[in-house]
Structures are given as structure tokens and as C-alpha cells.
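> My questions all concern the structure below.
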Amino acid sequence: MASGSSPATLTAAAFLALLLSSAARAAEASSAAPAAALDQVCGRLGSYYVTPALCASALCADPSTPCRAARDLPAVAALAARLAADNATAARDSIEAALLNSSSSSSPPAGPAANNSSAAASASAAAAAAAAARSSCLQLYAGAVPALRWAARAVAAGRYRGAREVLQAAQYVASGCEGMAGDAAAAALPRENGGFGDMAFVAHAVVASMAAD
């Protein structure tokens, strides 16, 4: 005698398969959601000349910052604005430290170099130029940091337009420092200055895209 499954058994099996499939799709959607917000924002910044790779590398540069934990677009914008303020603070502090170090180590050189007045004068002039560039750069950051802190709070509260203008102006701080330092920029300015330049560029694009919605 042939045996077979009853209609009730087949129905129960089909229902169980459907339930498991739905649960799997829900789990996949839940795990993909955090990444989707960052990827969605980074993928729409082409008109601001920001590539998805540049956007993601800037927002995810700090391992302690959960860049892909941003739950939605406003959260990504708030992250970008906060990172811009943090990067500006780090650059300001580094420039201030370099300026203090150059002041404390400005004693005349000892040894053979001290006997070469031309070399000593050249080194002294270069050091003075670097210190002047750092001092002027520090003034730029002293004004930018509190403005960027305000912008970060505004973006966190969903107010994008005023913050957009602050971030737009902040884009020129790093390049302004490099311009003042001239050929000595690599030696006079810490790497944090360049890092802030990239972060400000990306943060402005992110916030401007939110303001345009």
C-alpha cells in the first residue's frame, strides 16, 4: 500500500517554510540597514565631487567611531558634522603644540653649523617663517572650532542650512594654512591639517545634500 502525506501535513510544511523564509529576509534587512544609510548618503554626493570611497574613508577613518551604526540619513549627517568639529580640534591642538615646541627649541645651533653664519641665518629664517605660518594658521582654527561645534549641534538637531554655510567656509581653513606656509607647508604643518581638509570637504557635501532635500 502506497503511503503519502496528507493535505494538512503539506499545508503545515509549506507554512513553516514560508515563516522561516520571512524570518531570514527580515534578519538580512535588519543587518543591512546600518550600512545602507552610510552607503546611501555616500552614493549621492557626486555633484559635490565626493566619491563614495572618499566619503566612506573620511567618515570611517576613526575605528572608535561607529560609522556604519548610523541608523538613517540624519544620523550620518550628524556624524559627519561631529567628525569635522573633532578633526578641527585635533588640528588646532597639534598646531598649537608644534608652535610651542618651536618656541622652546629656538636656541642657536651648536657645533660646526654654528660656525657657518650663512647656514645658520637660512635655518633661522626658515624656522621663523614656519612659526609665523603656524601662528596665523592657529588663528584660523581658533575661529573655526567653535563655529564647527555649533554646526555639529545644529545638524544633530536637524537644522542644516546654517551649518552648511559654516562647513562651506571651513573647507578653506586647511588650504589657507597651506597657502600661508608656502613651500614649507609639509614641515610647518602637522598631518592633522590635511586630515581636517578632507573631512571638511566630505562633511560639507553630506550636510549640503541634506539641506537640498
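Simple scheme: letters A, B, ... for chains in C-alpha cells order, numbers from 1 for residues in each chain, numbers from 1 for ligands in the order shown.
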For A:Leu79, find every residue with an atom within 8 Å (counting only C-alpha atoms), except residues of its own chain fewer than 2 positions away, and show them as a PyMOL selection string.

chain A and resi 59+67+70+75-77+81-83

> Mind checking which residues fall within 12 Å of A:Gly179, counting only C-alpha atoms, ignoring those fewer than 6 positions away in the same chain, and posting them as a VMD selection string?

chain A and resid 130 133 to 134 136 to 137 172 to 173 185 to 186 188 to 189

> Counting only C-alpha atoms, which of A:Ala80, A:Leu73, A:Ala61, A:Ala142 gets nearest to A:Ala200?

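Nearest to A:Ala200: A:Ala80.
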
> Show me, as an MDAnalysis selection string, the residues that have an atom within 10 Å of A:Arg191 when counting only C-alpha atoms, minus same-chain residues fewer than 5 positions from it.

chainID A and resid 91 94:95 186 196

> Suppose you want the space between atom CA of A:Val207 and atom CA of A:Ala90; what is it in Å?

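Interatomic distance, atom CA of A:Val207 to atom CA of A:Ala90: 21.1 Å.
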